[in-house]
Amino acid sequence: MGEKSRSRGWCGWIIVLIVLAVVVAAVVLTIKKKSKHSDEAAPVPGPPGAPIKKYGDALQIAMQFFDVQKSGKLVDNKITWRGDSALKDGSEEDLDLSKGMYDAGDHVKFGFPLAYTATMLSWAILEYGDQMDTVKQLEPAKDSLKWITDYLINAHPSANVLYVQVGDPESDHKCWERPEVMTEKRPLTQVNTSSPGTDVAAETAAAMASASLVFKKIDSKYSSTLLTHAKQLFTFADKYRGSYSESIPDVQTYYNSTGYGDELLWAASWLYHATKDQTYLQYVTEQNGKSYAKWGSPTWFSWDNKLAGTQVLLSRIIFFDTKGLSDSSQSGIQMYKMTAEAVMCGLLPDSPTATTSRTDDGLILVSEWNSLQHPVASAFLAALYSDYMLTSRTAHFSCGSNSFSPADLRKFAQSQADYVLGSNPLKMSFLVGYGNKYPQYVHHRGASIPANAKTGCTDGFKWLNSTDPNPNVAIGGLVGGPFKNETYIDSRNNSMQGEPTTYNGALIVGLLSSLVTTSSAVQSFY
């Protein structure tokens with residue numbers, strides 16, 4: 001009797017232990033599922049490895065769109081259907097504004113998105129120049145950047161004057177012609193102390209400051225010139241505050257600015273990286289940060305809103321360069337990093353705070369007009385943040401109760417790039433010239449008109465309305481993109497979906513450069 005009772009007791013304890021083991025195992029599995037990472041950081045990448053062919057091929061194509069868009073007297077022109085154009089731009093004010101790039105499928109030089117193009121191209125070169133070089137695209141990137149910054153330097157003839165537009169959009173849009181044969185007047189538009197443009201001046205300051213870092217070791221004199229302009233423009237933007245959209249109401253139809261606080265923070269952040277002057281950090285972390293940074297509230301990165309880009313850019317200070325910072329500066333920068341991680345959490349599809357602004361096939365989609373801008377910009381930021389984490393040996397970050405790794409961010413970035421390149425329901429590349437199927441009726445004047453056509457302003461509209469595919473390929477152009485239902489209407493009259501923009505070009509170049517191979521992140525631009 002006693003022996004049997006002891007036996008039953010032991011059996012009971014064994015059952016209890018088994019149940020406990022099962023519970024513990026279930027808890028561990030749940031935690032692992034939530035964590036989705038190892039507690040140990042991944043190894044730091046070394047020098048650039050072998051390029052991934054599809055991204056390398058796409059990068060070589062995307063880089064050519066800058067050549068398609070160039071204005072002025074072309075040098076070593078590789079686009080056979082392009083020639084010299086707009087050689088007299090700026091002459092009415094004794095300025096040479098012939099360089100720069102056309103905005104999209106038309107022939108206006110809009111300073112706000114053009115400066116953003118330069119800033120983003122600079123950022124891509126600074127972060128991924130070594131990876132660009134694996135497919136011989138670093139020099140073309142620097143050449144295209146300088147084509148823009150040469151123009152921006154000339155567009156800033158004095159401390160408090162910046163020319164922000166060449167051409168009249170209304171009259172330009174009444175013509176359908178090649179840029180080489182334009183005869184219409186191309187008036188100049190400026191911001192100044194009585195007609196301020198804080199947003200466009202600060203974005204141009206960001207472009208100059210970031211570009212000064214690109215050219216610092218290549219051409220120190222040119223770099224110094226850029227930095228001088230950047231400082232002057234930032235002072236002008238900050239002192240004479242006002243939106244260029246209010247000073248110049250006509251721009252509201254084309255590139256309306258919804259505020260200038262983000263550009264001030266963006267410019268100051270780039271000036272800190274270019275100078276290491278602590279006053280720029282104080283600028284972004286103290287009163288201006290409190291006024292404009294929207295800490296804790298994720299936003300979408302675009303030509304109009306620079307907050308998410310600023311948050312990621314300032315995060316690299318926490319990852320790599322806190323030496324010598326005051327406690328208050330570190331605390332302020334941590335707020336930017338916290339918000340950058342909120343942005344990342346919104347992008348990852350398995351995050352508890354994942355955005356619902358995406359198509360059924362996983363493309364981030366915020367706007368049906370130029371829909372690819374936001375997913376490509378977001379993917380670029382995700383790739384950057386992933387590389388910062390890897391190089392600093394940061395194993396994971398948290399989204400609510402879940403944790404994610406650098407690999408999760410890179411997987412997201414690749415998913416957006418792959419969608420653009422053809423992994424989508426249409427099996428079509430949205431990068432013109434890449435793959436076997438891409439848009440044939442791109443909304444682009446120069447691409448739609450034969451190079452030997454003798455047409456002027458209005459008779460060229462027959463080419464807009466032609467049912468034939470474009471005779472010239474706007475190679476490397478990233479078109480607007482699909483609708484939310486993942487359809488695309490390939491029509492030359494469909495500018496909403498079919499018009500490539502120069503700033504989209506900078507974004508896709510940045511994204512492809514981040515993915516073409518892997519390497520450790522640059523820890524200091526200075």
# chains A, B, ... in the order shown; residues from 1 in each chain; ligands from 1

call {"tool": "select_by_dssp", "arguments": {"residues": "stretch 139-204 of chain A", "states": "strand (DSSP E)", "output": "ChimeraX atom specification"}}
result
/A:162-166,188-191

call {"tool": "residues_around", "arguments": {"residues": "stretch 280-287 of chain A", "least_positions_apart": "5", "cutoff": "8 Å", "atoms": "only C-alpha atoms", "output": "PyMOL selection string"}}
result
chain A and resi 265+268-269+271-272+328-329+332-333

call {"tool": "closest_residue", "arguments": {"among": "A:Thr198, A:Asn160, A:Thr339, A:Ser398", "to": "A:Leu307", "atoms": "only C-alpha atoms"}}
result
A:Thr339

call {"tool": "closest_residue", "arguments": {"among": "A:Ser429, A:Ser98, A:Ser514, A:Gln64", "to": "A:Arg186", "atoms": "only C-alpha atoms"}}
result
A:Ser98

call {"tool": "closest_atom_pairs", "arguments": {"of": "stretch 222-314 of chain A", "to": "stretch 363-381 of chain A", "cutoff": "8 Å", "atoms": "only C-alpha atoms", "output": "tab-separated table"}}
result
residue	atom	partner	partner_atom	distance
A:Trp300	CA	A:His374	CA	6.7
A:Phe301	CA	A:Ala377	CA	6.2
A:Ser302	CA	A:His374	CA	6.5
A:Gly309	CA	A:Leu381	CA	7.1
A:Val312	CA	A:Leu381	CA	6.9

call {"tool": "write_last_selection", "arguments": {"atoms": "C-alpha atoms", "output": "short mmCIF file (atom, residue, chain, number, x, y, z; two decimals), in the first residue's frame"}}
result
data_model
loop_
_atom_site.label_atom_id
_atom_site.label_comp_id
_atom_site.auth_asym_id
_atom_site.auth_seq_id
_atom_site.Cartn_x
_atom_site.Cartn_y
_atom_site.Cartn_z
CA TRP A 300 6.57 60.04 -44.97
CA PHE A 301 9.84 61.17 -46.55
CA SER A 302 9.46 63.17 -49.77
CA GLY A 309 15.24 61.81 -43.51
CA VAL A 312 17.67 58.90 -39.82
#

call {"tool": "closest_residue", "arguments": {"among": "A:Leu188, A:Ile248, A:Leu507, A:Ala395", "to": "A:Leu121", "atoms": "only C-alpha atoms"}}
result
A:Leu507

call {"tool": "residues_around", "arguments": {"residues": "A:Ala41", "least_positions_apart": "6", "cutoff": "9 Å", "atoms": "only C-alpha atoms", "output": "ChimeraX atom specification"}}
result
/A:389-390,393-396,405

call {"tool": "residues_around", "arguments": {"residues": "A:Ala104", "least_positions_apart": "6", "cutoff": "9 Å", "atoms": "only C-alpha atoms", "output": "list in words"}}
result
Gln69, His443, His444, Glu499, Pro500, Thr501, Thr502 and Tyr503 of chain A

call {"tool": "closest_atom_pairs", "arguments": {"of": "stretch 97-154 of chain A", "to": "stretch 203-208 of chain A", "cutoff": "12 Å", "atoms": "only C-alpha atoms", "output": "CSV"}}
result
residue,atom,partner,partner_atom,distance
A:Phe110,CA,A:Thr204,CA,11.7
A:Gly111,CA,A:Thr204,CA,8.0
A:Phe112,CA,A:Glu203,CA,6.9
A:Pro113,CA,A:Glu203,CA,8.7
A:Leu114,CA,A:Thr204,CA,8.6
A:Ala115,CA,A:Thr204,CA,5.1
A:Tyr116,CA,A:Glu203,CA,6.4
A:Thr117,CA,A:Ala207,CA,8.1
A:Ala118,CA,A:Ala207,CA,5.4
A:Thr119,CA,A:Ala207,CA,4.2
A:Met120,CA,A:Ala207,CA,8.0
A:Leu121,CA,A:Ala207,CA,9.0
A:Ser122,CA,A:Ala207,CA,7.5
A:Trp123,CA,A:Ala207,CA,9.3
A:Leu145,CA,A:Ala207,CA,9.7
A:Lys146,CA,A:Met208,CA,10.4
A:Ile148,CA,A:Ala207,CA,9.5
A:Thr149,CA,A:Met208,CA,7.1
A:Asp150,CA,A:Met208,CA,10.1
A:Tyr151,CA,A:Met208,CA,11.1
A:Leu152,CA,A:Thr204,CA,7.6
A:Ile153,CA,A:Met208,CA,8.4

call {"tool": "write_last_selection", "arguments": {"atoms": "N, CA, C and O atoms", "output": "CSV table (one decimal), in the first residue's frame"}}
result
chain,number,residue,atom,x,y,z
A,110,PHE,N,12.6,73.7,-61.6
A,110,PHE,CA,12.0,74.0,-60.3
A,110,PHE,C,13.1,73.8,-59.2
A,110,PHE,O,13.5,72.7,-59.0
A,111,GLY,N,13.5,74.9,-58.6
A,111,GLY,CA,14.6,74.8,-57.6
A,111,GLY,C,14.3,74.0,-56.4
A,111,GLY,O,15.3,73.4,-55.9
A,112,PHE,N,13.1,73.9,-55.9
A,112,PHE,CA,12.8,73.1,-54.7
A,112,PHE,C,13.1,71.6,-54.9
A,112,PHE,O,13.9,71.0,-54.2
A,113,PRO,N,12.5,71.0,-55.8
A,113,PRO,CA,12.8,69.5,-56.0
A,113,PRO,C,14.2,69.3,-56.6
A,113,PRO,O,14.8,68.2,-56.4
A,114,LEU,N,14.7,70.3,-57.4
A,114,LEU,CA,16.1,70.1,-57.9
A,114,LEU,C,17.1,70.1,-56.8
A,114,LEU,O,18.0,69.2,-56.8
A,115,ALA,N,16.9,71.0,-55.8
A,115,ALA,CA,17.9,71.0,-54.7
A,115,ALA,C,17.7,69.7,-53.9
A,115,ALA,O,18.7,69.1,-53.4
A,116,TYR,N,16.5,69.2,-53.7
A,116,TYR,CA,16.3,67.9,-53.0
A,116,TYR,C,17.0,66.8,-53.8
A,116,TYR,O,17.6,65.9,-53.2
A,117,THR,N,16.9,66.8,-55.1
A,117,THR,CA,17.6,65.8,-55.9
A,117,THR,C,19.1,65.8,-55.6
A,117,THR,O,19.7,64.7,-55.4
A,118,ALA,N,19.7,67.0,-55.5
A,118,ALA,CA,21.1,67.1,-55.2
A,118,ALA,C,21.4,66.6,-53.8
A,118,ALA,O,22.4,65.9,-53.6
A,119,THR,N,20.6,66.9,-52.8
A,119,THR,CA,20.8,66.4,-51.5
A,119,THR,C,20.8,64.9,-51.4
A,119,THR,O,21.6,64.3,-50.8
A,120,MET,N,19.8,64.3,-52.1
A,120,MET,CA,19.6,62.9,-52.0
A,120,MET,C,20.7,62.2,-52.8
A,120,MET,O,21.2,61.1,-52.4
A,121,LEU,N,21.2,62.8,-53.9
A,121,LEU,CA,22.3,62.2,-54.6
A,121,LEU,C,23.5,62.2,-53.8
A,121,LEU,O,24.3,61.3,-53.8
A,122,SER,N,23.8,63.4,-53.1
A,122,SER,CA,24.9,63.5,-52.3
A,122,SER,C,24.9,62.4,-51.2
A,122,SER,O,25.9,61.8,-50.9
A,123,TRP,N,23.7,62.3,-50.5
A,123,TRP,CA,23.6,61.3,-49.4
A,123,TRP,C,23.9,59.9,-49.9
A,123,TRP,O,24.6,59.2,-49.3
A,145,LEU,N,25.9,65.1,-60.0
A,145,LEU,CA,25.7,66.0,-58.9
A,145,LEU,C,26.3,67.4,-59.2
A,145,LEU,O,25.7,68.4,-58.9
A,146,LYS,N,27.5,67.4,-59.7
A,146,LYS,CA,28.2,68.7,-60.0
A,146,LYS,C,27.4,69.5,-61.0
A,146,LYS,O,27.4,70.7,-61.0
A,148,ILE,N,24.3,69.8,-61.2
A,148,ILE,CA,23.3,70.5,-60.4
A,148,ILE,C,23.9,71.5,-59.6
A,148,ILE,O,23.4,72.7,-59.5
A,149,THR,N,24.9,71.2,-58.8
A,149,THR,CA,25.5,72.2,-57.9
A,149,THR,C,26.1,73.4,-58.6
A,149,THR,O,26.1,74.5,-58.1
A,150,ASP,N,26.7,73.2,-59.8
A,150,ASP,CA,27.2,74.3,-60.6
A,150,ASP,C,26.0,75.3,-60.8
A,150,ASP,O,26.2,76.5,-60.7
A,151,TYR,N,24.9,74.8,-61.1
A,151,TYR,CA,23.7,75.6,-61.4
A,151,TYR,C,23.3,76.3,-60.1
A,151,TYR,O,23.0,77.5,-60.1
A,152,LEU,N,23.2,75.6,-59.0
A,152,LEU,CA,22.8,76.1,-57.7
A,152,LEU,C,23.7,77.3,-57.2
A,152,LEU,O,23.3,78.3,-56.7
A,153,ILE,N,25.0,77.1,-57.4
A,153,ILE,CA,26.0,78.1,-57.1
A,153,ILE,C,25.6,79.4,-57.8
A,153,ILE,O,25.6,80.5,-57.3

call {"tool": "closest_atom_pairs", "arguments": {"of": "stretch 162-232 of chain A", "to": "stretch 462-466 of chain A", "cutoff": "12 Å", "atoms": "only C-alpha atoms", "output": "JSON lines"}}
result
{"residue": "A:His173", "atom": "CA", "partner": "A:Leu464", "partner_atom": "CA", "distance": 11.9}
{"residue": "A:Lys174", "atom": "CA", "partner": "A:Leu464", "partner_atom": "CA", "distance": 11.9}
{"residue": "A:Cys175", "atom": "CA", "partner": "A:Leu464", "partner_atom": "CA", "distance": 10.3}
{"residue": "A:Trp176", "atom": "CA", "partner": "A:Leu464", "partner_atom": "CA", "distance": 7.2}
{"residue": "A:Glu177", "atom": "CA", "partner": "A:Trp463", "partner_atom": "CA", "distance": 8.9}
{"residue": "A:Arg178", "atom": "CA", "partner": "A:Trp463", "partner_atom": "CA", "distance": 10.7}

call {"tool": "closest_residue", "arguments": {"among": "A:Gly261, A:Gly481, A:Gly422, A:Pro406", "to": "A:Asn288", "atoms": "only C-alpha atoms"}}
result
A:Gly261

call {"tool": "residues_around", "arguments": {"residues": "A:Val108", "least_positions_apart": "2", "cutoff": "9 Å", "atoms": "only C-alpha atoms", "output": "PyMOL selection string"}}
result
chain A and resi 101-104+106+110+165-169+172+186

call {"tool": "atom_distance", "arguments": {"atom1": "atom CA of A:Pro196", "atom2": "atom CA of A:Arg241"}}
result
6.3 Å

call {"tool": "atom_distance", "arguments": {"atom1": "atom CA of A:Ala383", "atom2": "atom CA of A:Phe404"}}
result
13.6 Å

call {"tool": "atom_distance", "arguments": {"atom1": "atom CA of A:Arg445", "atom2": "atom CA of A:Lys484"}}
result
26.8 Å

call {"tool": "closest_residue", "arguments": {"among": "A:Gly90, A:Gly433, A:Gly289, A:Gly456", "to": "A:Asn472", "atoms": "only C-alpha atoms"}}
result
A:Gly433

call {"tool": "select_by_dssp", "arguments": {"residues": "stretch 402-444 of chain A", "states": "helix (DSSP H, G or I)", "output": "mmCIF file with N, CA, C and O atoms, in the first residue's frame"}}
result
data_model
loop_
_atom_site.group_PDB
_atom_site.id
_atom_site.type_symbol
_atom_site.label_atom_id
_atom_site.label_comp_id
_atom_site.auth_asym_id
_atom_site.auth_seq_id
_atom_site.Cartn_x
_atom_site.Cartn_y
_atom_site.Cartn_z
ATOM 1 N N PRO A 406 18.394 44.117 -38.254
ATOM 2 C CA PRO A 406 18.779 44.789 -39.500
ATOM 3 C C PRO A 406 18.341 44.000 -40.737
ATOM 4 O O PRO A 406 17.980 44.594 -41.754
ATOM 5 N N ALA A 407 18.360 42.665 -40.629
ATOM 6 C CA ALA A 407 17.960 41.835 -41.774
ATOM 7 C C ALA A 407 16.497 42.073 -42.147
ATOM 8 O O ALA A 407 16.131 42.022 -43.331
ATOM 9 N N ASP A 408 15.652 42.341 -41.157
ATOM 10 C CA ASP A 408 14.246 42.617 -41.440
ATOM 11 C C ASP A 408 14.093 43.903 -42.248
ATOM 12 O O ASP A 408 13.280 43.980 -43.171
ATOM 13 N N LEU A 409 14.875 44.912 -41.891
ATOM 14 C CA LEU A 409 14.820 46.181 -42.627
ATOM 15 C C LEU A 409 15.325 46.006 -44.056
ATOM 16 O O LEU A 409 14.749 46.550 -45.004
ATOM 17 N N ARG A 410 16.403 45.259 -44.199
ATOM 18 C CA ARG A 410 16.948 45.044 -45.551
ATOM 19 C C ARG A 410 15.971 44.249 -46.415
ATOM 20 O O ARG A 410 15.807 44.526 -47.600
ATOM 21 N N LYS A 411 15.315 43.275 -45.808
ATOM 22 C CA LYS A 411 14.321 42.492 -46.548
ATOM 23 C C LYS A 411 13.199 43.392 -47.045
ATOM 24 O O LYS A 411 12.737 43.263 -48.182
ATOM 25 N N PHE A 412 12.757 44.334 -46.195
ATOM 26 C CA PHE A 412 11.732 45.286 -46.630
ATOM 27 C C PHE A 412 12.238 46.139 -47.793
ATOM 28 O O PHE A 412 11.538 46.327 -48.794
ATOM 29 N N ALA A 413 13.458 46.674 -47.662
ATOM 30 C CA ALA A 413 14.017 47.523 -48.724
ATOM 31 C C ALA A 413 14.096 46.759 -50.039
ATOM 32 O O ALA A 413 13.755 47.286 -51.101
ATOM 33 N N GLN A 414 14.540 45.513 -49.970
ATOM 34 C CA GLN A 414 14.620 44.688 -51.184
ATOM 35 C C GLN A 414 13.241 44.451 -51.782
ATOM 36 O O GLN A 414 13.085 44.451 -53.013
ATOM 37 N N SER A 415 12.232 44.265 -50.927
ATOM 38 C CA SER A 415 10.882 44.000 -51.449
ATOM 39 C C SER A 415 10.361 45.175 -52.268
ATOM 40 O O SER A 415 9.709 44.981 -53.305
ATOM 41 N N GLN A 416 10.652 46.395 -51.823
ATOM 42 C CA GLN A 416 10.203 47.583 -52.561
ATOM 43 C C GLN A 416 10.980 47.731 -53.874
ATOM 44 O O GLN A 416 10.402 48.039 -54.918
ATOM 45 N N ALA A 417 12.294 47.510 -53.816
ATOM 46 C CA ALA A 417 13.107 47.588 -55.038
ATOM 47 C C ALA A 417 12.681 46.520 -56.039
ATOM 48 O O ALA A 417 12.562 46.787 -57.248
ATOM 49 N N ASP A 418 12.443 45.313 -55.549
ATOM 50 C CA ASP A 418 12.070 44.220 -56.451
ATOM 51 C C ASP A 418 10.717 44.477 -57.105
ATOM 52 O O ASP A 418 10.505 44.147 -58.281
ATOM 53 N N TYR A 419 9.794 45.082 -56.348
ATOM 54 C CA TYR A 419 8.506 45.433 -56.932
ATOM 55 C C TYR A 419 8.714 46.406 -58.095
ATOM 56 O O TYR A 419 8.143 46.229 -59.183
ATOM 57 N N VAL A 420 9.523 47.425 -57.870
ATOM 58 C CA VAL A 420 9.797 48.414 -58.913
ATOM 59 C C VAL A 420 10.398 47.760 -60.151
ATOM 60 O O VAL A 420 10.077 48.110 -61.289
#

call {"tool": "residues_around", "arguments": {"residues": "stretch 78-89 of chain A", "least_positions_apart": "4", "cutoff": "6 Å", "atoms": "only C-alpha atoms", "output": "PyMOL selection string"}}
result
chain A and resi 71-74+97-98+179-180+451

call {"tool": "write_last_selection", "arguments": {"atoms": "N, CA, C and O atoms", "output": "compact mmCIF listing (two decimals), in the first residue's frame"}}
result
# COMPACT_ATOMS: atom_id res chain seq x y z
N SER A 71 20.25 70.12 -68.75
CA SER A 71 20.10 71.35 -69.52
C SER A 71 21.49 71.94 -69.76
O SER A 71 22.43 71.60 -69.05
N GLY A 72 21.60 72.82 -70.76
CA GLY A 72 22.87 73.51 -71.00
C GLY A 72 23.67 72.91 -72.13
O GLY A 72 23.17 72.11 -72.93
N LYS A 73 24.94 73.28 -72.18
CA LYS A 73 25.84 72.76 -73.21
C LYS A 73 26.39 71.42 -72.72
O LYS A 73 27.18 71.37 -71.78
N LEU A 74 25.96 70.36 -73.36
CA LEU A 74 26.28 69.03 -72.88
C LEU A 74 27.73 68.66 -73.15
O LEU A 74 28.31 69.00 -74.18
N LEU A 97 22.60 80.37 -65.93
CA LEU A 97 21.75 79.33 -65.33
C LEU A 97 21.42 78.26 -66.36
O LEU A 97 20.35 77.64 -66.32
N SER A 98 22.36 78.06 -67.28
CA SER A 98 22.11 77.11 -68.36
C SER A 98 22.17 75.65 -67.89
O SER A 98 21.50 74.78 -68.46
N PRO A 179 13.48 70.18 -75.91
CA PRO A 179 14.12 71.32 -75.25
C PRO A 179 15.14 72.02 -76.14
O PRO A 179 15.39 73.22 -76.00
N GLU A 180 15.70 71.27 -77.09
CA GLU A 180 16.73 71.83 -77.96
C GLU A 180 16.19 72.93 -78.87
O GLU A 180 16.98 73.74 -79.40
N ALA A 451 14.17 62.88 -82.86
CA ALA A 451 15.23 63.89 -82.76
C ALA A 451 15.32 64.76 -84.00
O ALA A 451 15.77 65.91 -83.93

call {"tool": "closest_residue", "arguments": {"among": "A:Asn452, A:Ser224, A:Asn77, A:Gln232", "to": "A:Ser144", "atoms": "only C-alpha atoms"}}
result
A:Asn77
